[in-house]
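**Q** Sharing a structure, written as C-alpha cells. Questions coming.
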Amino acid sequence: MADIKALEALATQVRRDILRMVHAVNSGHPGGSLGCTEFMVALYHEIMELKPGFDMDGVGEDVFFLSNGHISPVFYSVLARKGYFPVEELHTFRKIDSRLQGHPTTHEGLPGVRIASGSLGQGMSVAIGAALAKKLNKDPHLVFSLHGDGELQEGQNWEAIMYAGSKGVDNLIATIDRNGQQIDGPTEEVMALGDLRPKLEAFGWDVMELDAGNDMAAVVGALQQAKTRSGKGKPVALVMTTEMGNGVDFMMHTHAWHGKAPNDEQLATALAQNPETLGDY
Amino acid sequence: MKRYTDQGKQDTRSGFGAGMTELGRTNPKVVTLCADLVGSLKIETFIDENPERFFQVGIAEANMIGLAAGLTIGGYIPFTTTFANFSTGRVYDQIRQSVAYSDKNVKICASHAGITLGEDGATHQILEDIGLMKMLPGMTVINPCDFNQTKAATLAVAEHHGPVYLRFGRPKVANFTPADQTFEIGKALMLQEGKDVTILATGHLVWEALIAAEALEGQGISAEVINIHTIKPLDEAAILKSVAKTGCVVTAEEHNMLGGLGESVARVLATHHPAPQEFVAVQDRFGESGTPEQLMEKYGLNNKAIEAAVFKALQRKG
C-alpha cells in the first residue's frame, strides 16, 4: 500500500524546490511544474520499478521521458530527491556551467535524463522507440511519458500516436497533463484540442481519464490501474486534469505563471502555503 | 598516371543495401526504420532476414527520427532510411534535439541525394543537406563515391559511436574502388598524385574528377585527386599537405556551393594556407526535372566543369 501521507509531504517539499529554483534565477516555468508535482512524485516514488544508480539504456527497469521539457523544475527536484544527484545541485538550475539546463538535456550528463526536450512534440516518438527497444530486449518493464496538452498541437505527436496504436505498442503509458492552459491562453481558445479521449481511442489507444490530477491518492490509483492495463495490445493513455500552479493560490486558475518566476514577496507567500517537510536544499 | 577501372555501373544506394544485408547478418544490435521507401533504399534483404529488427513507420519522418533516438536507449543502433530531402530538411529539429544534442547513436541514411535524383525535380533534389547536417555539433557527415565505398561506409558507421549522416544516391555510376576496402571515417583518400592543382571531390563527383585529371594530363597538367568521403570531420591535414605542394584547389560536389564541402575547405585554407580555390557546385539554385546526365551538364557538375575550374584556379595561382 502506498503511503499517501509521505508522498504528499514529499510533494510539498518538491513544490518548495520548484518555487525557490525559479525565484533564484528569475526565470523558468513554475505553473506546469506545480501542476504535475503529484504525478511526478507518485511516478518516481511509488509507481516505477527503478534500479539503483543510473545507466542510459535502462534495461531491467521502468523508464520515463519528459516531453514537455519546460517543466524541468519539477523533474529536477524529483530526480534529486530520488537520489539521482545531490539536492544541493538544485542551486545551479539555469546558471552557467550547470547540468541543470533550462530544459533537460543528456548533453551535460545529468543522471536520470535520457533525452533532451524543450522543443515540443518530440517525446512521444522517443518513448515509443524506447518501448520498442524494451520489446526487442525482452525486458518486461514499462515506458512512461508525460506530455503537455498544448504540446499535442505539434503534429509529430499524431504521427507517434498513430504509430503506437497501429503497431500495438502496449508497454507504453503516456500521460497528458490536461491543464487547459498554454502561453497565449486557454488551450480551447488558442487551438482547441476538444475531447482527447475519443481522439486517442480512434487511434487505437486504451484511454483512461483522471479528473483529480492533483490528488495524490487518485494519481497513485490511476497509475496503478494504468500498469494493469499495459501488455494488452494497446498503448495506454492517461488524460490527467491538473491545475496549473497547484498549491500556490495566486498561481492557480490562470496561465500567467506558465513561464514567470515569483518576486521576493510572492515567494514568501507561496512558501508559507507550502511549509517545509523534508528540508530545503 | 594511375588508372581506375569501372567494374560496372551501379547505384550507391544499392551499396548501402548490400551493407545493410551484411550488418543484418553480423550485428544483432542494428535495427532499420523506413518511411515508406523500402524499395528505393534497397533494404529488402535486411527486412526479409530480420523482420523483428525492421520498423516500417509510414510517411512520418519526424516520428521515425524520434523512434530511432528512443531505440538507442536499450542499446540498439538504428539506421533511419528515406530520401535525403526527407532525412534532413523535413526533420531538422528532430535531429537537432532528439539525436545530435541528445548524443544518440542514430545513423541517418539518405538516398536520392542531390540533383541526380533526376526527373522528380527540385522538390526532391535536396542540395542543402550537407550544410544542414555538418552544422550540427557532433554530427559526422559522409558522402561516399561509389557502390563499393558506400557498402564499406555503411559497415563502418555501425562501428562508430555517435550520430552519422550517410548520403548516397539514385543513379548508376562507375564502381571503381576496391570491393574489399576498409572505410576509415575522416580519412581522405589519395586517388591520384599530382603537383599542379588539388582536386578535392566528394560523392558522385569523384569519378568525374578522375576523368578530368586524365584529360588534364593530356594537356600537360598534373592534377592531384583526393576523395573526401567524409566532410565532417574533415581531413584537414591531408588537404593542407596537398595544397602546400600544388598551391591551388578545385572542390567538386553535388551540393549547393553554400554550405557544402567547398566552404569547409575554404575555411581550412583561409585559416592555415590561403590559396586560390574554385568551386564546382550548384550556384545557389534549385534543381529541375531532367535525366541525371542532362542535369549534371546543365548545372556544371561533370568532368568538363572540373576541367574548366582547374584552368581558372591555375590562372589565379599565376
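Convention: chains lettered A, B, ... in C-alpha cells order; per-chain residue numbering from 1; ligands numbered from 1 as shown.
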Restrict the distance test to only C-alpha atoms, flag each residue of chain A within 8 Å of chain B, and return the flagged residues as a PyMOL selection string.
**A** chain A and resi 56-59+105-107+114-117+119+122-134+136-137+156-157+159-160+163
**Q** Going by DSSP on the backbone, which residues of region 73-170 of chain B come out as strand (DSSP E or B)? List them as a PDB file with N, CA and C atoms, in the first residue's frame.
**A**
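out.pdb, freshly written:
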ATOM      1  N   ILE B  77      21.275   0.111 -32.465  1.00  0.00           N
ATOM      2  CA  ILE B  77      21.923   1.034 -33.401  1.00  0.00           C
ATOM      3  C   ILE B  77      20.958   1.227 -34.567  1.00  0.00           C
ATOM      4  N   PRO B  78      20.128   2.263 -34.500  1.00  0.00           N
ATOM      5  CA  PRO B  78      19.102   2.451 -35.526  1.00  0.00           C
ATOM      6  C   PRO B  78      19.658   3.136 -36.787  1.00  0.00           C
ATOM      7  N   PHE B  79      19.267   2.603 -37.928  1.00  0.00           N
ATOM      8  CA  PHE B  79      19.540   3.214 -39.229  1.00  0.00           C
ATOM      9  C   PHE B  79      18.202   3.709 -39.780  1.00  0.00           C
ATOM     10  N   THR B  80      18.032   5.022 -39.909  1.00  0.00           N
ATOM     11  CA  THR B  80      16.802   5.533 -40.500  1.00  0.00           C
ATOM     12  C   THR B  80      17.005   5.678 -42.001  1.00  0.00           C
ATOM     13  N   THR B  81      15.952   5.365 -42.757  1.00  0.00           N
ATOM     14  CA  THR B  81      16.118   5.381 -44.210  1.00  0.00           C
ATOM     15  C   THR B  81      14.956   6.089 -44.895  1.00  0.00           C
ATOM     16  N   THR B  82      15.316   7.045 -45.730  1.00  0.00           N
ATOM     17  CA  THR B  82      14.371   7.677 -46.646  1.00  0.00           C
ATOM     18  C   THR B  82      15.202   8.535 -47.611  1.00  0.00           C
ATOM     19  N   PHE B  83      14.546   9.314 -48.453  1.00  0.00           N
ATOM     20  CA  PHE B  83      15.281  10.201 -49.352  1.00  0.00           C
ATOM     21  C   PHE B  83      16.007  11.279 -48.527  1.00  0.00           C
ATOM     22  N   LYS B 107      21.997   6.487 -37.061  1.00  0.00           N
ATOM     23  CA  LYS B 107      22.592   6.630 -38.386  1.00  0.00           C
ATOM     24  C   LYS B 107      21.494   7.072 -39.367  1.00  0.00           C
ATOM     25  N   ILE B 108      21.612   8.293 -39.840  1.00  0.00           N
ATOM     26  CA  ILE B 108      20.604   8.846 -40.742  1.00  0.00           C
ATOM     27  C   ILE B 108      21.071   8.568 -42.165  1.00  0.00           C
ATOM     28  N   CYS B 109      20.390   7.647 -42.825  1.00  0.00           N
ATOM     29  CA  CYS B 109      20.858   7.146 -44.120  1.00  0.00           C
ATOM     30  C   CYS B 109      19.949   7.689 -45.213  1.00  0.00           C
ATOM     31  N   ALA B 110      20.561   8.445 -46.127  1.00  0.00           N
ATOM     32  CA  ALA B 110      19.786   9.278 -47.029  1.00  0.00           C
ATOM     33  C   ALA B 110      20.103   8.959 -48.475  1.00  0.00           C
ATOM     34  N   SER B 111      19.104   8.451 -49.165  1.00  0.00           N
ATOM     35  CA  SER B 111      19.278   8.151 -50.584  1.00  0.00           C
ATOM     36  C   SER B 111      18.725   9.299 -51.445  1.00  0.00           C
ATOM     37  N   THR B 140      28.621  13.421 -37.694  1.00  0.00           N
ATOM     38  CA  THR B 140      29.563  13.003 -38.719  1.00  0.00           C
ATOM     39  C   THR B 140      28.832  12.997 -40.059  1.00  0.00           C
ATOM     40  N   VAL B 141      29.474  13.515 -41.105  1.00  0.00           N
ATOM     41  CA  VAL B 141      28.824  13.613 -42.417  1.00  0.00           C
ATOM     42  C   VAL B 141      29.668  12.881 -43.457  1.00  0.00           C
ATOM     43  N   ILE B 142      29.060  11.871 -44.077  1.00  0.00           N
ATOM     44  CA  ILE B 142      29.782  11.002 -45.014  1.00  0.00           C
ATOM     45  C   ILE B 142      29.055  10.947 -46.350  1.00  0.00           C
ATOM     46  N   VAL B 164      25.415   9.930 -37.218  1.00  0.00           N
ATOM     47  CA  VAL B 164      26.057   9.990 -38.542  1.00  0.00           C
ATOM     48  C   VAL B 164      25.009  10.332 -39.588  1.00  0.00           C
ATOM     49  N   TYR B 165      25.397  11.187 -40.525  1.00  0.00           N
ATOM     50  CA  TYR B 165      24.595  11.396 -41.733  1.00  0.00           C
ATOM     51  C   TYR B 165      25.328  10.721 -42.889  1.00  0.00           C
ATOM     52  N   LEU B 166      24.700   9.710 -43.473  1.00  0.00           N
ATOM     53  CA  LEU B 166      25.301   8.950 -44.581  1.00  0.00           C
ATOM     54  C   LEU B 166      24.486   9.239 -45.837  1.00  0.00           C
ATOM     55  N   ARG B 167      25.151   9.837 -46.816  1.00  0.00           N
ATOM     56  CA  ARG B 167      24.472  10.367 -48.007  1.00  0.00           C
ATOM     57  C   ARG B 167      24.861   9.565 -49.235  1.00  0.00           C
TER      58      ARG B 167
END
**Q** Residues near region 61-73 of chain A, anyone? I mean within 8 Å using only C-alpha atoms, not counting same-chain ones fewer than 2 positions away, as a PyMOL selection string.
**A** chain A and resi 17-18+21-22+28-30+32-33+48-51+58-59+75-77+102-104+113-124+126-127+141-148+151
**Q** Could those residues be written to a file, using C-alpha atoms, as a PDB file, in the first residue's frame?
**A**
ATOM      1  CA  ASP A  17      12.074  23.381  -4.506  1.00  0.00           C
ATOM      2  CA  ILE A  18      10.294  24.482  -7.686  1.00  0.00           C
ATOM      3  CA  MET A  21      14.626  27.344  -8.076  1.00  0.00           C
ATOM      4  CA  VAL A  22      12.721  29.648 -10.417  1.00  0.00           C
ATOM      5  CA  GLY A  28      11.747  29.082 -15.539  1.00  0.00           C
ATOM      6  CA  HIS A  29       8.319  27.501 -15.597  1.00  0.00           C
ATOM      7  CA  PRO A  30       6.581  27.108 -12.225  1.00  0.00           C
ATOM      8  CA  GLY A  32       3.128  23.388 -15.191  1.00  0.00           C
ATOM      9  CA  SER A  33       5.734  22.136 -12.739  1.00  0.00           C
ATOM     10  CA  MET A  48       8.087   2.949 -11.361  1.00  0.00           C
ATOM     11  CA  GLU A  49      10.363  -0.025 -10.755  1.00  0.00           C
ATOM     12  CA  LEU A  50      13.824   1.508 -10.704  1.00  0.00           C
ATOM     13  CA  LYS A  51      17.321   0.099 -10.385  1.00  0.00           C
ATOM     14  CA  GLY A  58      17.626   1.428 -18.576  1.00  0.00           C
ATOM     15  CA  VAL A  59      17.352  -2.285 -19.248  1.00  0.00           C
ATOM     16  CA  PHE A  75      11.703  16.913 -12.959  1.00  0.00           C
ATOM     17  CA  TYR A  76      14.986  18.045 -11.388  1.00  0.00           C
ATOM     18  CA  SER A  77      13.563  18.246  -7.889  1.00  0.00           C
ATOM     19  CA  GLY A 102      16.764  25.458 -18.573  1.00  0.00           C
ATOM     20  CA  HIS A 103      15.362  22.491 -20.438  1.00  0.00           C
ATOM     21  CA  PRO A 104      16.523  18.942 -19.665  1.00  0.00           C
ATOM     22  CA  VAL A 113      17.727  12.287 -18.004  1.00  0.00           C
ATOM     23  CA  ARG A 114      17.652  10.138 -21.153  1.00  0.00           C
ATOM     24  CA  ILE A 115      16.690  12.647 -23.858  1.00  0.00           C
ATOM     25  CA  ALA A 116      16.763  16.369 -24.422  1.00  0.00           C
ATOM     26  CA  SER A 117      13.339  18.002 -24.518  1.00  0.00           C
ATOM     27  CA  GLY A 118      12.133  21.541 -24.810  1.00  0.00           C
ATOM     28  CA  SER A 119      11.306  21.865 -28.460  1.00  0.00           C
ATOM     29  CA  LEU A 120       7.843  20.408 -28.046  1.00  0.00           C
ATOM     30  CA  GLY A 121       6.202  17.355 -29.505  1.00  0.00           C
ATOM     31  CA  GLN A 122       9.189  15.018 -29.739  1.00  0.00           C
ATOM     32  CA  GLY A 123       8.957  12.964 -26.548  1.00  0.00           C
ATOM     33  CA  MET A 124       6.170  10.608 -27.611  1.00  0.00           C
ATOM     34  CA  VAL A 126      11.272   8.800 -28.292  1.00  0.00           C
ATOM     35  CA  ALA A 127       9.216   6.990 -25.669  1.00  0.00           C
ATOM     36  CA  HIS A 141       9.453  -3.177 -17.795  1.00  0.00           C
ATOM     37  CA  LEU A 142       7.395  -0.198 -18.883  1.00  0.00           C
ATOM     38  CA  VAL A 143       7.976   3.157 -20.521  1.00  0.00           C
ATOM     39  CA  PHE A 144       6.211   6.175 -19.023  1.00  0.00           C
ATOM     40  CA  SER A 145       5.980   9.597 -20.603  1.00  0.00           C
ATOM     41  CA  LEU A 146       4.467  12.984 -19.826  1.00  0.00           C
ATOM     42  CA  HIS A 147       3.158  15.474 -22.372  1.00  0.00           C
ATOM     43  CA  GLY A 148       1.586  18.881 -22.073  1.00  0.00           C
ATOM     44  CA  GLU A 151       2.006  20.260 -26.837  1.00  0.00           C
TER      45      GLU A 151
END
**Q** So which residues touch region 168-170 of chain A within 7 Å, counting only C-alpha atoms, skipping near sequence neighbours fewer than 3 positions away, as an mmCIF file with N, CA and C atoms, in the first residue's frame?
**A**
data_model
loop_
_atom_site.group_PDB
_atom_site.id
_atom_site.type_symbol
_atom_site.label_atom_id
_atom_site.label_comp_id
_atom_site.auth_asym_id
_atom_site.auth_seq_id
_atom_site.Cartn_x
_atom_site.Cartn_y
_atom_site.Cartn_z
ATOM 1 N N ALA A 164 1.920 4.119 -32.486
ATOM 2 C CA ALA A 164 1.783 3.278 -31.296
ATOM 3 C C ALA A 164 0.475 2.502 -31.324
ATOM 4 N N GLY A 165 -0.586 3.151 -31.814
ATOM 5 C CA GLY A 165 -1.860 2.451 -31.918
ATOM 6 C C GLY A 165 -1.829 1.385 -32.991
ATOM 7 N N SER A 230 -1.566 -2.250 -19.182
ATOM 8 C CA SER A 230 -0.487 -2.417 -20.173
ATOM 9 C C SER A 230 -0.386 -3.887 -20.566
ATOM 10 N N GLY A 231 0.308 -4.131 -21.666
ATOM 11 C CA GLY A 231 0.536 -5.512 -22.102
ATOM 12 C C GLY A 231 -0.683 -6.170 -22.714
ATOM 13 N N LYS A 232 -1.661 -5.393 -23.098
ATOM 14 C CA LYS A 232 -2.889 -5.985 -23.638
ATOM 15 C C LYS A 232 -3.137 -5.561 -25.081
ATOM 16 N N GLY A 233 -2.076 -5.242 -25.781
ATOM 17 C CA GLY A 233 -2.201 -4.985 -27.213
ATOM 18 C C GLY A 233 -2.379 -3.533 -27.606
ATOM 19 N N LYS A 234 -2.601 -2.666 -26.605
ATOM 20 C CA LYS A 234 -2.805 -1.248 -26.925
ATOM 21 C C LYS A 234 -1.911 -0.371 -26.047
ATOM 22 N N PRO A 235 -1.416 0.745 -26.604
ATOM 23 C CA PRO A 235 -0.759 1.722 -25.740
ATOM 24 C C PRO A 235 -1.799 2.333 -24.806
ATOM 25 N N VAL A 236 -1.354 2.726 -23.618
ATOM 26 C CA VAL A 236 -2.267 3.274 -22.615
ATOM 27 C C VAL A 236 -2.034 4.776 -22.480
#
**Q** Could you please write out, as an MDAnalysis selection string, every residue of region 160-277 of chain A that DSSP assigns to helix (DSSP H, G or I)?
**A** chainID A and resid 160:167 187:190 196:202 216:229 249:251 264:272
**Q** Create the file for the chosen residues now, containing N, CA and C atoms and written as a compact mmCIF listing (two decimals), in the first residue's frame.
**A**
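Result file follows (again_33.txt):
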# COMPACT_ATOMS: atom_id res chain seq x y z
N ALA A 160 3.17 9.89 -33.96
CA ALA A 160 3.57 8.92 -32.93
C ALA A 160 2.37 8.17 -32.39
N ILE A 161 1.29 8.91 -32.15
CA ILE A 161 0.07 8.28 -31.62
C ILE A 161 -0.46 7.26 -32.62
N MET A 162 -0.40 7.61 -33.91
CA MET A 162 -0.84 6.67 -34.96
C MET A 162 0.04 5.43 -34.98
N TYR A 163 1.35 5.65 -34.84
CA TYR A 163 2.27 4.51 -34.86
C TYR A 163 1.99 3.56 -33.70
N ALA A 164 1.92 4.12 -32.49
CA ALA A 164 1.78 3.28 -31.30
C ALA A 164 0.47 2.50 -31.32
N GLY A 165 -0.59 3.15 -31.81
CA GLY A 165 -1.86 2.45 -31.92
C GLY A 165 -1.83 1.39 -32.99
N SER A 166 -1.29 1.76 -34.14
CA SER A 166 -1.24 0.86 -35.27
C SER A 166 -0.41 -0.38 -35.00
N LYS A 167 0.70 -0.18 -34.29
CA LYS A 167 1.64 -1.29 -34.06
C LYS A 167 1.47 -1.93 -32.69
N THR A 187 -6.16 26.50 -23.74
CA THR A 187 -5.94 25.69 -24.95
C THR A 187 -7.15 25.72 -25.86
N GLU A 188 -8.34 25.76 -25.27
CA GLU A 188 -9.54 25.68 -26.11
C GLU A 188 -9.77 26.98 -26.88
N GLU A 189 -9.10 28.06 -26.48
CA GLU A 189 -9.17 29.30 -27.26
C GLU A 189 -8.02 29.39 -28.26
N VAL A 190 -6.85 28.99 -27.84
CA VAL A 190 -5.67 29.12 -28.71
C VAL A 190 -5.77 28.16 -29.90
N LEU A 196 -10.15 14.70 -25.82
CA LEU A 196 -8.99 13.88 -26.19
C LEU A 196 -9.30 12.39 -26.18
N ARG A 197 -10.22 11.97 -25.32
CA ARG A 197 -10.46 10.54 -25.21
C ARG A 197 -10.87 9.90 -26.55
N PRO A 198 -11.93 10.40 -27.18
CA PRO A 198 -12.30 9.75 -28.46
C PRO A 198 -11.23 9.90 -29.54
N LYS A 199 -10.49 10.99 -29.48
CA LYS A 199 -9.43 11.15 -30.47
C LYS A 199 -8.39 10.05 -30.31
N LEU A 200 -7.96 9.84 -29.08
CA LEU A 200 -6.94 8.82 -28.84
C LEU A 200 -7.50 7.42 -29.07
N GLU A 201 -8.74 7.22 -28.68
CA GLU A 201 -9.36 5.90 -28.90
C GLU A 201 -9.47 5.60 -30.39
N ALA A 202 -9.74 6.63 -31.17
CA ALA A 202 -9.85 6.42 -32.62
C ALA A 202 -8.51 5.99 -33.22
N MET A 216 -3.14 13.13 -4.59
CA MET A 216 -2.08 12.11 -4.61
C MET A 216 -2.65 10.68 -4.66
N ALA A 217 -3.65 10.41 -3.82
CA ALA A 217 -4.20 9.06 -3.79
C ALA A 217 -4.83 8.70 -5.14
N ALA A 218 -5.48 9.67 -5.75
CA ALA A 218 -6.12 9.43 -7.04
C ALA A 218 -5.07 9.21 -8.14
N VAL A 219 -3.99 9.97 -8.07
CA VAL A 219 -2.93 9.83 -9.07
C VAL A 219 -2.26 8.46 -8.95
N VAL A 220 -1.94 8.08 -7.73
CA VAL A 220 -1.33 6.77 -7.50
C VAL A 220 -2.27 5.67 -8.00
N GLY A 221 -3.55 5.80 -7.65
CA GLY A 221 -4.52 4.79 -8.07
C GLY A 221 -4.63 4.68 -9.58
N ALA A 222 -4.63 5.83 -10.25
CA ALA A 222 -4.77 5.83 -11.71
C ALA A 222 -3.53 5.20 -12.36
N LEU A 223 -2.37 5.53 -11.84
CA LEU A 223 -1.14 4.97 -12.43
C LEU A 223 -1.05 3.46 -12.16
N GLN A 224 -1.50 3.04 -10.98
CA GLN A 224 -1.51 1.60 -10.70
C GLN A 224 -2.45 0.88 -11.66
N GLN A 225 -3.60 1.50 -11.92
CA GLN A 225 -4.54 0.89 -12.85
C GLN A 225 -3.97 0.88 -14.26
N ALA A 226 -3.30 1.97 -14.63
CA ALA A 226 -2.71 2.03 -15.97
C ALA A 226 -1.72 0.88 -16.18
N LYS A 227 -0.94 0.58 -15.13
CA LYS A 227 0.01 -0.53 -15.25
C LYS A 227 -0.71 -1.85 -15.54
N THR A 228 -1.86 -2.05 -14.89
CA THR A 228 -2.57 -3.32 -15.10
C THR A 228 -3.17 -3.38 -16.51
N ARG A 229 -3.31 -2.22 -17.15
CA ARG A 229 -3.90 -2.20 -18.50
C ARG A 229 -2.83 -2.28 -19.59
N ASP A 249 -1.98 29.61 -4.19
CA ASP A 249 -3.32 30.11 -4.55
C ASP A 249 -3.29 31.14 -5.69
N PHE A 250 -2.30 32.04 -5.63
CA PHE A 250 -2.32 33.09 -6.66
C PHE A 250 -1.77 32.63 -8.02
N MET A 251 -1.24 31.41 -8.07
CA MET A 251 -0.75 30.90 -9.35
C MET A 251 -1.78 29.99 -10.05
N ASP A 264 10.29 38.40 -4.58
CA ASP A 264 10.60 38.01 -3.20
C ASP A 264 9.34 37.86 -2.36
N GLU A 265 8.47 38.83 -2.50
CA GLU A 265 7.24 38.83 -1.69
C GLU A 265 6.33 37.66 -2.08
N GLN A 266 6.19 37.46 -3.35
CA GLN A 266 5.35 36.36 -3.84
C GLN A 266 5.94 35.02 -3.40
N LEU A 267 7.25 34.91 -3.42
CA LEU A 267 7.89 33.66 -2.99
C LEU A 267 7.55 33.39 -1.53
N ALA A 268 7.66 34.41 -0.70
CA ALA A 268 7.38 34.23 0.72
C ALA A 268 5.95 33.76 0.93
N THR A 269 5.02 34.36 0.21
CA THR A 269 3.61 33.95 0.31
C THR A 269 3.45 32.49 -0.13
N ALA A 270 4.07 32.17 -1.25
CA ALA A 270 3.93 30.82 -1.80
C ALA A 270 4.54 29.78 -0.87
N LEU A 271 5.71 30.09 -0.30
CA LEU A 271 6.36 29.13 0.59
C LEU A 271 5.57 28.96 1.88
N ALA A 272 4.92 30.04 2.33
CA ALA A 272 4.11 29.94 3.55
C ALA A 272 2.94 28.97 3.34
**Q** Do you know which residues are at most 7 Å from Leu261 (chain B) counting only C-alpha atoms, after dropping those on the same chain fewer than 4 positions away, and could you put them as number ranges by chain?
**A** B: 231, 253, 265
**Q** So that I have them on file, write out the residues from the current selection with C-alpha atoms, as a compact mmCIF listing (two decimals), in the first residue's frame.
**A**
# COMPACT_ATOMS: atom_id res chain seq x y z
CA ILE B 231 33.02 16.02 -44.99
CA GLU B 253 30.40 18.27 -55.06
CA VAL B 265 37.71 23.56 -47.46
**Q** What's around region 242-251 of chain B at 9 Å? Count only C-alpha atoms, leave out sequence neighbours fewer than 3 positions away in its own chain, and write the answer as a PyMOL selection string.
**A** chain B and resi 193-202+223-224+226+237-239+261-262+265+269+273-281+306+309-310+313-314+316-317
**Q** Could you dump the residues just selected with N, CA and C atoms as a tab-separated table (two decimals), in the first residue's frame?
**A**
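As written to disk, part-v6.tsv reads:
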chain	number	residue	atom	x	y	z
B	193	GLU	N	48.14	11.18	-57.45
B	193	GLU	CA	49.09	12.21	-57.03
B	193	GLU	C	49.39	13.15	-58.20
B	194	GLY	N	49.56	14.42	-57.88
B	194	GLY	CA	49.88	15.42	-58.90
B	194	GLY	C	50.57	16.60	-58.27
B	195	LYS	N	51.00	17.56	-59.08
B	195	LYS	CA	51.77	18.66	-58.49
B	195	LYS	C	51.23	20.05	-58.85
B	196	ASP	N	50.32	20.15	-59.81
B	196	ASP	CA	49.90	21.48	-60.26
B	196	ASP	C	48.63	21.99	-59.58
B	197	VAL	N	47.71	21.11	-59.28
B	197	VAL	CA	46.42	21.51	-58.71
B	197	VAL	C	45.87	20.35	-57.89
B	198	THR	N	45.15	20.70	-56.82
B	198	THR	CA	44.50	19.69	-55.99
B	198	THR	C	43.00	19.69	-56.31
B	199	ILE	N	42.49	18.54	-56.69
B	199	ILE	CA	41.04	18.42	-56.86
B	199	ILE	C	40.50	17.63	-55.68
B	200	LEU	N	39.65	18.28	-54.89
B	200	LEU	CA	39.01	17.64	-53.73
B	200	LEU	C	37.57	17.37	-54.12
B	201	ALA	N	37.23	16.09	-54.26
B	201	ALA	CA	35.89	15.74	-54.74
B	201	ALA	C	35.20	14.84	-53.74
B	202	THR	N	33.87	14.89	-53.76
B	202	THR	CA	33.08	14.02	-52.89
B	202	THR	C	31.91	13.43	-53.65
B	223	ALA	N	47.31	16.86	-62.11
B	223	ALA	CA	46.29	17.12	-61.08
B	223	ALA	C	46.32	16.05	-60.00
B	224	GLU	N	46.27	16.51	-58.76
B	224	GLU	CA	46.15	15.57	-57.63
B	224	GLU	C	44.66	15.42	-57.31
B	226	ILE	N	41.87	13.88	-54.69
B	226	ILE	CA	41.64	13.32	-53.36
B	226	ILE	C	40.14	13.13	-53.16
B	237	ALA	N	44.53	17.79	-42.43
B	237	ALA	CA	45.97	17.54	-42.66
B	237	ALA	C	46.21	17.11	-44.11
B	238	ALA	N	45.38	16.22	-44.62
B	238	ALA	CA	45.57	15.74	-45.99
B	238	ALA	C	45.38	16.88	-46.99
B	239	ILE	N	44.40	17.74	-46.73
B	239	ILE	CA	44.13	18.86	-47.63
B	239	ILE	C	45.30	19.84	-47.61
B	261	LEU	N	31.02	20.99	-49.13
B	261	LEU	CA	32.44	20.68	-48.98
B	261	LEU	C	33.30	21.91	-49.28
B	262	GLY	N	32.93	22.63	-50.34
B	262	GLY	CA	33.76	23.76	-50.77
B	262	GLY	C	33.95	24.77	-49.66
B	265	VAL	N	36.32	23.48	-47.01
B	265	VAL	CA	37.71	23.56	-47.46
B	265	VAL	C	38.19	25.02	-47.40
B	269	LEU	N	41.54	26.53	-45.64
B	269	LEU	CA	42.58	27.26	-46.37
B	269	LEU	C	42.74	28.67	-45.80
B	273	HIS	N	46.31	28.23	-44.80
B	273	HIS	CA	47.14	28.28	-46.00
B	273	HIS	C	46.33	28.89	-47.15
B	274	PRO	N	46.13	30.20	-47.14
B	274	PRO	CA	45.32	30.82	-48.20
B	274	PRO	C	45.84	30.46	-49.59
B	275	ALA	N	44.90	30.05	-50.46
B	275	ALA	CA	45.28	29.63	-51.81
B	275	ALA	C	44.05	29.79	-52.71
B	276	PRO	N	44.26	30.00	-53.99
B	276	PRO	CA	43.11	30.10	-54.90
B	276	PRO	C	42.27	28.83	-54.86
B	277	GLN	N	40.95	29.01	-54.82
B	277	GLN	CA	40.04	27.86	-54.82
B	277	GLN	C	38.90	28.13	-55.78
B	278	GLU	N	38.55	27.13	-56.57
B	278	GLU	CA	37.38	27.21	-57.45
B	278	GLU	C	36.36	26.17	-56.98
B	279	PHE	N	35.10	26.53	-57.11
B	279	PHE	CA	34.01	25.69	-56.59
B	279	PHE	C	33.20	25.08	-57.73
B	280	VAL	N	33.27	23.76	-57.87
B	280	VAL	CA	32.34	23.06	-58.76
B	280	VAL	C	31.19	22.59	-57.87
B	281	ALA	N	30.08	23.29	-58.01
B	281	ALA	CA	28.92	23.05	-57.14
B	281	ALA	C	27.74	23.78	-57.75
B	306	ILE	N	34.81	20.45	-64.06
B	306	ILE	CA	36.00	20.36	-63.19
B	306	ILE	C	37.24	20.83	-63.96
B	309	ALA	N	37.27	24.51	-64.21
B	309	ALA	CA	37.59	25.12	-62.91
B	309	ALA	C	39.09	25.02	-62.63
B	310	VAL	N	39.71	23.92	-63.06
B	310	VAL	CA	41.16	23.75	-62.87
B	310	VAL	C	41.91	24.86	-63.62
B	313	ALA	N	41.66	28.03	-61.67
B	313	ALA	CA	42.49	28.01	-60.45
B	313	ALA	C	43.96	28.20	-60.80
B	314	LEU	N	44.38	27.52	-61.87
B	314	LEU	CA	45.79	27.64	-62.28
B	314	LEU	C	46.12	29.08	-62.68
B	316	ARG	N	44.72	31.79	-61.61
B	316	ARG	CA	44.77	32.65	-60.43
B	316	ARG	C	46.05	32.41	-59.62
B	317	LYS	N	46.55	31.17	-59.68
B	317	LYS	CA	47.80	30.87	-58.97
B	317	LYS	C	48.95	31.63	-59.61
**Q** I'd like the interatomic distance between CA of Ala80 (chain A) and CA of Tyr281 (chain A), to a tenth of an Å.
**A** 9.8 Å
**Q** Skipping near chain neighbours, those fewer than 2 positions away, what residues fall within 10 Å of Lys260 (chain A) using only C-alpha atoms, listed as a list in words?
**A**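 So the residues in contact are Val22, His23, Asn26, Ser27, Gly28, His29, Pro30, Gly31, His255, Ala256, Trp257, His258, Pro262 and Asn263 of chain A.
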**Q** In Å to one decimal, how far is CA of Ala84 (chain B) from CA of Pro137 (chain B)?
**A**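 Between CA of Pro137 (chain B) and CA of Ala84 (chain B) the gap works out to 19.3 Å.
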**Q** Pick out the closest residue to Leu191 (chain B) from this set: B:Asn175, B:Gln283, B:Gln294, B:Asn227. Count only C-alpha atoms.
**A**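 Of B:Asn175, B:Gln283, B:Gln294, B:Asn227, the one nearest Leu191 (chain B) is B:Asn227, counting only C-alpha atoms.
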